[in-house]
Structures are given as C-alpha cells and as structure tokens.
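Printed here is final01.txt (compact mmCIF, C-alpha atoms and all ligand atoms):
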# COMPACT_ATOMS: atom_id res chain seq x y z
CA MET A 72 94.64 34.79 -139.71
CA THR A 73 91.67 37.07 -139.40
CA ASN A 74 91.31 40.77 -140.07
CA SER A 75 89.93 43.09 -137.36
CA THR A 76 86.25 44.01 -137.46
CA VAL A 77 85.02 47.56 -136.80
CA GLN A 78 83.85 48.09 -133.23
CA PRO A 79 81.37 50.83 -132.27
CA MET A 80 83.00 53.97 -130.90
CA ARG A 81 83.28 54.27 -127.10
CA ALA A 82 83.45 57.99 -126.50
CA ILE A 83 83.65 60.20 -123.46
CA ILE A 84 82.92 63.91 -123.50
CA LEU A 85 85.35 65.54 -121.11
CA TYR A 86 84.22 69.09 -120.58
CA ASP A 87 84.36 72.12 -118.35
CA SER A 88 82.22 75.21 -117.84
CA ARG A 89 81.67 77.68 -115.04
CA THR A 90 78.01 77.95 -115.96
CA SER A 91 75.67 75.23 -114.78
CA GLY A 92 72.97 74.76 -117.44
CA GLY A 93 74.81 77.16 -119.77
CA SER A 94 75.63 76.84 -123.44
CA THR A 95 78.37 74.23 -122.94
CA ASP A 96 76.10 71.98 -120.87
CA LYS A 97 73.41 72.17 -123.59
CA LEU A 98 75.95 71.55 -126.32
CA ILE A 99 77.46 68.44 -124.77
CA ASP A 100 74.01 66.92 -124.29
CA ALA A 101 73.21 67.60 -127.95
CA ILE A 102 76.57 66.19 -129.12
CA GLY A 103 76.08 63.11 -126.91
CA ASN A 104 72.59 62.44 -128.26
CA GLU A 105 73.65 62.92 -131.88
CA LEU A 106 76.65 60.65 -131.42
CA ALA A 107 74.59 57.95 -129.70
CA GLU A 108 72.38 57.88 -132.81
CA THR A 109 75.39 56.73 -134.84
CA GLY A 110 75.62 53.65 -132.58
CA ALA A 111 78.39 54.99 -130.35
CA TYR A 112 78.48 54.41 -126.59
CA VAL A 113 78.80 57.87 -125.03
CA GLU A 114 79.39 59.16 -121.52
CA LYS A 115 80.23 62.60 -120.20
CA ALA A 116 82.44 63.75 -117.33
CA LYS A 117 83.14 67.22 -116.00
CA CYS A 118 86.82 68.07 -115.63
CA LYS A 119 88.58 68.81 -112.41
CA ALA A 120 92.10 70.16 -112.57
CA THR A 121 93.23 67.65 -109.95
CA GLY A 122 91.00 64.74 -111.01
CA ASP A 123 91.98 61.12 -111.61
CA TYR A 124 91.54 60.22 -115.27
CA SER A 125 92.29 56.49 -115.12
CA PHE A 126 88.66 55.85 -116.17
CA LEU A 127 89.65 56.90 -119.70
CA GLN A 128 90.89 53.35 -120.24
CA ASP A 129 87.25 52.42 -120.96
CA PHE A 130 87.06 54.72 -124.00
CA ASP A 131 88.79 54.95 -127.34
CA VAL A 132 87.69 58.48 -128.26
CA VAL A 133 87.94 61.48 -125.95
CA ILE A 134 85.90 64.52 -126.95
CA MET A 135 87.27 67.53 -125.09
CA GLY A 136 85.54 70.86 -124.98
CA ALA A 137 85.03 74.00 -122.94
CA PRO A 138 84.15 77.67 -123.20
CA VAL A 139 86.68 80.49 -123.40
CA TYR A 140 86.71 83.04 -120.59
CA TYR A 141 88.98 86.09 -120.75
CA LEU A 142 91.04 84.68 -123.64
CA LEU A 143 91.69 81.35 -121.91
CA VAL A 144 90.09 77.92 -122.33
CA SER A 145 88.13 77.21 -119.15
CA SER A 146 90.51 76.60 -116.28
CA GLN A 147 89.58 73.11 -115.04
CA LEU A 148 90.20 71.53 -118.46
CA LEU A 149 93.46 73.39 -119.03
CA GLY A 150 94.44 72.71 -115.42
CA ALA A 151 93.76 68.98 -115.80
CA LEU A 152 96.06 68.84 -118.82
CA ILE A 153 98.83 70.48 -116.82
CA GLN A 154 98.42 69.19 -113.25
CA SER A 155 96.65 65.83 -113.31
CA ASN A 156 97.25 62.39 -114.84
CA LEU A 157 94.96 63.32 -117.76
CA LYS A 158 97.76 63.55 -120.34
CA LYS A 159 99.13 60.17 -119.29
CA HIS A 160 95.71 58.55 -119.77
CA LEU A 161 95.21 60.25 -123.14
CA LYS A 162 98.05 58.19 -124.60
CA ARG A 163 96.88 56.44 -127.82
CA LYS A 164 93.39 57.98 -127.56
CA LYS A 165 91.74 59.53 -130.58
CA ILE A 166 90.59 63.06 -129.83
CA ALA A 167 87.87 65.46 -130.91
CA LEU A 168 87.99 69.08 -129.77
CA PHE A 169 85.41 71.80 -129.49
CA LEU A 170 85.24 75.26 -127.98
CA THR A 171 82.31 77.53 -127.29
CA CYS A 172 83.17 81.21 -127.52
CA GLY A 173 82.10 84.60 -128.77
CA SER A 174 85.17 85.34 -130.92
CA PRO A 175 85.23 84.82 -134.68
CA GLU A 176 86.25 81.32 -135.77
CA ALA A 177 89.59 82.43 -137.26
CA MET A 178 90.62 84.11 -134.03
CA ALA A 179 89.51 81.16 -131.91
CA THR A 180 91.39 78.73 -134.15
CA LEU A 181 94.53 80.80 -133.86
CA LEU A 182 94.37 81.80 -130.19
CA TYR A 183 92.28 79.31 -128.23
CA LEU A 184 92.47 75.86 -129.85
CA PRO A 185 96.29 75.76 -129.58
CA GLN A 186 95.91 76.04 -125.79
CA LEU A 187 94.55 72.48 -125.93
CA LYS A 188 96.46 71.20 -128.94
CA ILE A 189 99.86 71.94 -127.46
CA HIS A 190 99.16 69.12 -124.98
CA LEU A 191 97.96 66.72 -127.67
CA VAL A 192 100.77 66.68 -130.21
CA ARG A 193 101.04 62.87 -130.07
CA ASN A 194 97.31 62.23 -130.39
CA LYS A 195 95.31 61.87 -133.58
CA ILE A 196 92.68 64.61 -133.74
CA LEU A 197 89.64 63.29 -135.60
CA ALA A 198 87.52 66.45 -135.57
CA GLU A 199 87.53 69.98 -134.21
CA LYS A 200 85.00 72.79 -134.13
CA ILE A 201 84.52 76.26 -132.78
CA PHE A 202 80.88 76.74 -131.76
CA SER A 203 79.67 80.35 -131.89
CA PRO A 204 76.78 81.34 -129.57
CA GLN A 205 74.41 80.70 -132.54
CA ASP A 206 75.98 77.30 -133.37
CA VAL A 207 75.44 76.00 -129.85
CA SER A 208 71.73 75.58 -130.51
CA SER A 209 72.03 74.80 -134.22
CA PRO A 210 71.22 71.14 -135.04
CA ASP A 211 73.12 71.55 -138.33
CA ALA A 212 76.32 72.71 -136.63
CA ILE A 213 76.12 69.86 -134.10
CA GLU A 214 75.36 67.29 -136.78
CA SER A 215 78.26 68.50 -138.92
CA PHE A 216 80.71 68.11 -135.99
CA VAL A 217 79.40 64.64 -135.11
CA ASP A 218 79.43 63.54 -138.78
CA GLU A 219 83.03 64.70 -139.15
CA LEU A 220 83.99 62.76 -136.03
CA ASP A 221 82.07 59.61 -136.99
CA GLU A 222 83.50 59.54 -140.52
CA ALA A 223 87.07 60.14 -139.34
CA TYR A 224 86.68 57.41 -136.69
CA LYS A 225 85.37 54.87 -139.19
CA LYS A 226 88.10 55.75 -141.68
CA ASP A 227 90.75 55.38 -138.99
CA ARG A 228 89.36 51.99 -137.89
CA LYS A 229 89.07 50.78 -141.49
CA HIS A 230 92.65 51.76 -142.14
CA ARG A 231 93.73 49.91 -139.01
CA SER A 232 91.70 46.81 -139.95
CA ALA A 233 93.22 46.79 -143.42
CA SER A 234 96.78 47.03 -142.18
CA LEU A 235 96.51 44.74 -139.10
CA SER A 236 95.72 41.07 -138.69
CA TRP A 237 95.60 38.63 -135.78
CA SER A 238 97.35 35.27 -135.68
CA ASP A 239 95.02 32.32 -135.06
CA GLU A 240 96.58 31.72 -131.60
CA ALA A 241 96.19 35.36 -130.55
CA LEU A 242 92.61 35.36 -131.78
CA GLU A 243 91.87 32.18 -129.86
CA LEU A 244 93.21 33.79 -126.69
CA LEU A 245 91.10 36.89 -127.34
CA GLU A 246 87.98 34.77 -127.70
CA GLN A 247 88.54 33.29 -124.24
CA ILE A 248 88.17 36.75 -122.67
CA PRO A 249 84.65 37.52 -121.35
CA SER A 250 82.76 39.45 -124.02
CA PHE A 251 82.32 42.52 -121.79
CA PHE A 252 86.11 43.14 -121.80
CA ARG A 253 86.96 41.66 -125.17
CA SER A 254 86.30 44.67 -127.35
CA ARG A 255 88.29 46.96 -125.02
CA ILE A 256 91.27 44.62 -124.98
CA LYS A 257 91.11 44.11 -128.73
CA THR A 258 91.13 47.86 -129.32
CA ALA A 259 93.98 48.40 -126.84
CA ALA A 260 96.06 45.65 -128.49
CA GLU A 261 95.42 47.08 -131.96
CA GLU A 262 96.29 50.60 -130.83
CA TYR A 263 99.52 49.31 -129.32
CA ALA A 264 100.41 47.35 -132.48
CA GLU A 265 99.60 50.34 -134.65
CA GLU A 266 101.80 52.65 -132.61
CA MET A 267 104.68 50.13 -132.66
CA GLY A 268 104.35 49.56 -136.40
CA TYR A 269 103.39 45.84 -136.16
CA THR A 270 101.19 44.42 -138.87
CA MET A 271 100.22 41.17 -137.14
CA ILE A 272 99.15 40.67 -133.53
CA THR A 273 100.63 37.47 -132.11
CA ILE A 274 100.69 36.04 -128.58
CA ASP A 275 104.19 37.54 -128.15
CA ILE A 276 102.92 40.98 -129.08
CA LEU A 277 100.01 40.66 -126.64
CA GLU A 278 102.52 39.77 -123.89
CA GLU A 279 104.74 42.68 -124.89
CA ALA A 280 101.80 45.11 -124.91
CA LYS A 281 100.73 43.86 -121.48
CA ALA A 282 104.21 44.37 -120.04
CA ASP A 283 104.68 47.77 -121.72
CA THR A 284 101.33 49.25 -120.74
CA GLY A 285 100.99 47.63 -117.31
CA GLY A 286 98.09 45.46 -118.51
CA LEU A 287 95.91 45.83 -121.60
C1 LIG B 301 83.04 86.18 -118.17
C2 LIG B 301 83.09 85.80 -119.61
C3 LIG B 301 84.27 85.96 -120.34
C4 LIG B 301 84.32 85.60 -121.69
N1 LIG B 301 85.49 85.75 -122.38
C5 LIG B 301 85.55 85.38 -123.69
C6 LIG B 301 86.77 85.55 -124.42
O1 LIG B 301 87.78 85.99 -123.94
N2 LIG B 301 86.77 85.16 -125.73
C7 LIG B 301 85.66 84.63 -126.33
O2 LIG B 301 85.71 84.32 -127.51
N3 LIG B 301 84.49 84.49 -125.64
C8 LIG B 301 84.41 84.83 -124.35
N4 LIG B 301 83.25 84.67 -123.65
C9 LIG B 301 82.09 84.05 -124.30
C10 LIG B 301 81.92 82.59 -123.83
O3 LIG B 301 83.04 81.82 -124.18
C11 LIG B 301 80.68 81.97 -124.45
O4 LIG B 301 79.56 82.73 -124.13
C12 LIG B 301 80.46 80.53 -123.98
O5 LIG B 301 79.48 79.95 -124.79
C13 LIG B 301 80.04 80.45 -122.50
O6 LIG B 301 79.83 79.11 -122.14
P1 LIG B 301 78.99 78.70 -120.82
O7 LIG B 301 77.57 79.13 -121.06
O8 LIG B 301 79.11 77.23 -120.70
O9 LIG B 301 79.63 79.44 -119.68
C14 LIG B 301 83.17 85.04 -122.32
C15 LIG B 301 81.99 84.91 -121.58
C16 LIG B 301 81.95 85.26 -120.25
C17 LIG B 301 80.65 85.10 -119.49
Would you encode the structure as structure tokens?
Amino acid sequence: MTNSTVQPMRAIILYDSRTSGGSTDKLIDAIGNELAETGAYVEKAKCKATGDYSFLQDFDVVIMGAPVYYLLVSSQLLGALIQSNLKKHLKRKKIALFLTCGSPEAMATLLYLPQLKIHLVRNKILAEKIFSPQDVSSPDAIESFVDELDEAYKKDRKHRSASLSWSDEALELLEQIPSFFRSRIKTAAEEYAEEMGYTMITIDILEEAKADTGGL
C-alpha cells in the first residue's frame, strides 16, 4: 500500500468583467503569473452566463473572481452560477474567490462575497480576497492572495495524503493509465474517496467512483 504524493495544482481562473483591459483583466494576469511561479498549471476563462463548464474536469482548483457593479457581482459570473451547468461541474472542486471593488473590505465581505458563497456551500474555499483599486496593482496584495491559496492547497493535499492510501492492485491499475491522464484520475479518485469517507482506494472503490460520477 502506498500513500498519495502531492501533485502540482491545476487551476483555472474563471472571471468576468465588463471592461476589456480593465482592472480585473490586469489582476487575473498578475494572479496567473504569480501562481505559475509556484509550479501550478494555470489557465483562465471568461464566464458566460449560459456557458458550458464541463472543461472544469481538467482542474482541481477554480479561482473565481469579478468586479462589483451597482452592488452586484458582475452579471455573467453570477448568471453562470444560477443558469448554467457551472455549479454541477464545481462539485468537489477547491475554490478561491476574489472581488475587485471600490467599497471598504468589511462592506464587500458582508454584502458582495456572499453573493458567490451562497452557491458554494459544499465546496472548500481555500482563499478569498477583496482587492481595492490600489490592491489591483499591488504586487504584495497579489502575492499574499496567491501565498494563502498555495499554502491552503498544499495543506489540504497533505492532509488527504496522510489520511488516504491506495491498495497495490488499485495502484497497479492507475499506473497502466497514460501519464497525461493519470494525475487527473488520481486526483478525482482521491476527491471521491475523501468525500465518501474512505481511507483506502481499492479497485472496488475505483469502480464505484466511475459509476457514481459517470467516469473518473
Ligand atoms: C458602473 C460602475 C459601478 C460600480 N459599482 C460599484 C459598487 O456598487 N460597489 C463597489 O464596491 N464598487 C463599484 N464599482 C467599482 C468597481 O467594482 C471597480 O472599479 C472594479 O475594479 C472595476 O473592474 P473592471 O475594471 O474590471 O471593470 C463600480 C464601478 C463602475 C464602473
């Protein structure tokens, strides 16, 4: 029986903004670059309220962020959480949240963040930050958000590795999978086992996860 090893984070920044080249666009580029420096694989995608979010299966962390306009989180991100299959594909994902807005942090935490969090009650939130107009171009503010996320991710993965093991047969099966897919399937199986409260991944559990999730 072998314990899990820590895999690099596969993160997607799912964002929205009305302003092309505005503060949110600049911020996500800066967050993406900073995160890539930690060894993470990072992509970004702009939200559409009616989009198809099945591509989230390729990522284990979803970083969601948007500006606030007229007291509401930008409409395509909020709309996607309500109208599209986004919530379905966020199942078992670890989340980080950020907002860009002009209001004081306390007000934004109380009024704006819950607009997103109400849709994410079953997800683990690894980090969250309100970026003021000054923070958006502050390397320190960006680094602090990325550090918080990176540390929480590593802690979460370490905890999972410590509490989960693979049977020799399950591990053998995993090793037969082409390396490109292996890490994704390993993570999906571990997330499933974690959610179900299993401490060892066996062939039976892999079969069960496959049947339950429609394929790992
Ligand atoms: C039309 C408009 C409405 C705004 N409404 C709010 C608001 O209700 N609360 C708030 O805290 N900030 C508000 N802001 C500030 C924006 O959230 C902030 O400037 C944000 O960084 C803009 O992001 P963007 O450059 O990607 O559009 C508003 C800005 C604009 C342009």
When the cut-off is 8 Å and you count only C-alpha atoms and all ligand atoms, which residues lie near ligand LIG 301 (chain B), shown as a ChimeraX atom specification?
/A:87-96,137-143,170-175,179,202-204,207
Using all atoms listed in the file: which of A:Glu199, A:Glu262, A:Leu127, A:Lys188 has the shortest distance to A:Leu220
A:Glu199
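Between atom CA of A:Lys115 and atom CA of A:Phe216 lies a distance of 16.7 Å.
For the atom pair formed by atom CA of A:Lys119 and atom CA of A:Gln147, the distance is 5.1 Å, given to one decimal.
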Once you count all atoms listed in the file, which residues end up no further than 9 Å from (89.9, 66.2, -115.8) in the file's frame, shown as a PyMOL selection string?
chain A and resi 85-87+116-124+147-152+155-157
Output as lines of an AutoDock Vina configuration file the centre and edge lengths (Å, one decimal) of the box along x, y and z of the file that holds every listed atom of stretch 213-228 of chain A after adding 5 Å on each side.
center_x = 83.1
center_y = 60.9
center_z = -137.9
size_x = 25.4
size_y = 27.9
size_z = 17.6
How far is it from atom CA of A:Glu105 to atom CA of A:Glu214, in Å with one decimal?
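Going from atom CA of A:Glu105 over to atom CA of A:Glu214, I get 6.8 Å.
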Contacts of A:Met267 at 12 Å or less, counting all atoms listed in the file, minus same-chain residues fewer than 6 places along, as a list in words?
Arg163, Leu235, Ala260, Glu261, Ile276, Glu279, Ala280 and Asp283 of chain A
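Of the residues listed (A:Ala259, A:Ile272, A:Ala264, A:Val217), A:Ile272 shows the shortest atom-to-atom separation from A:Ser238; distances use only C-alpha atoms.
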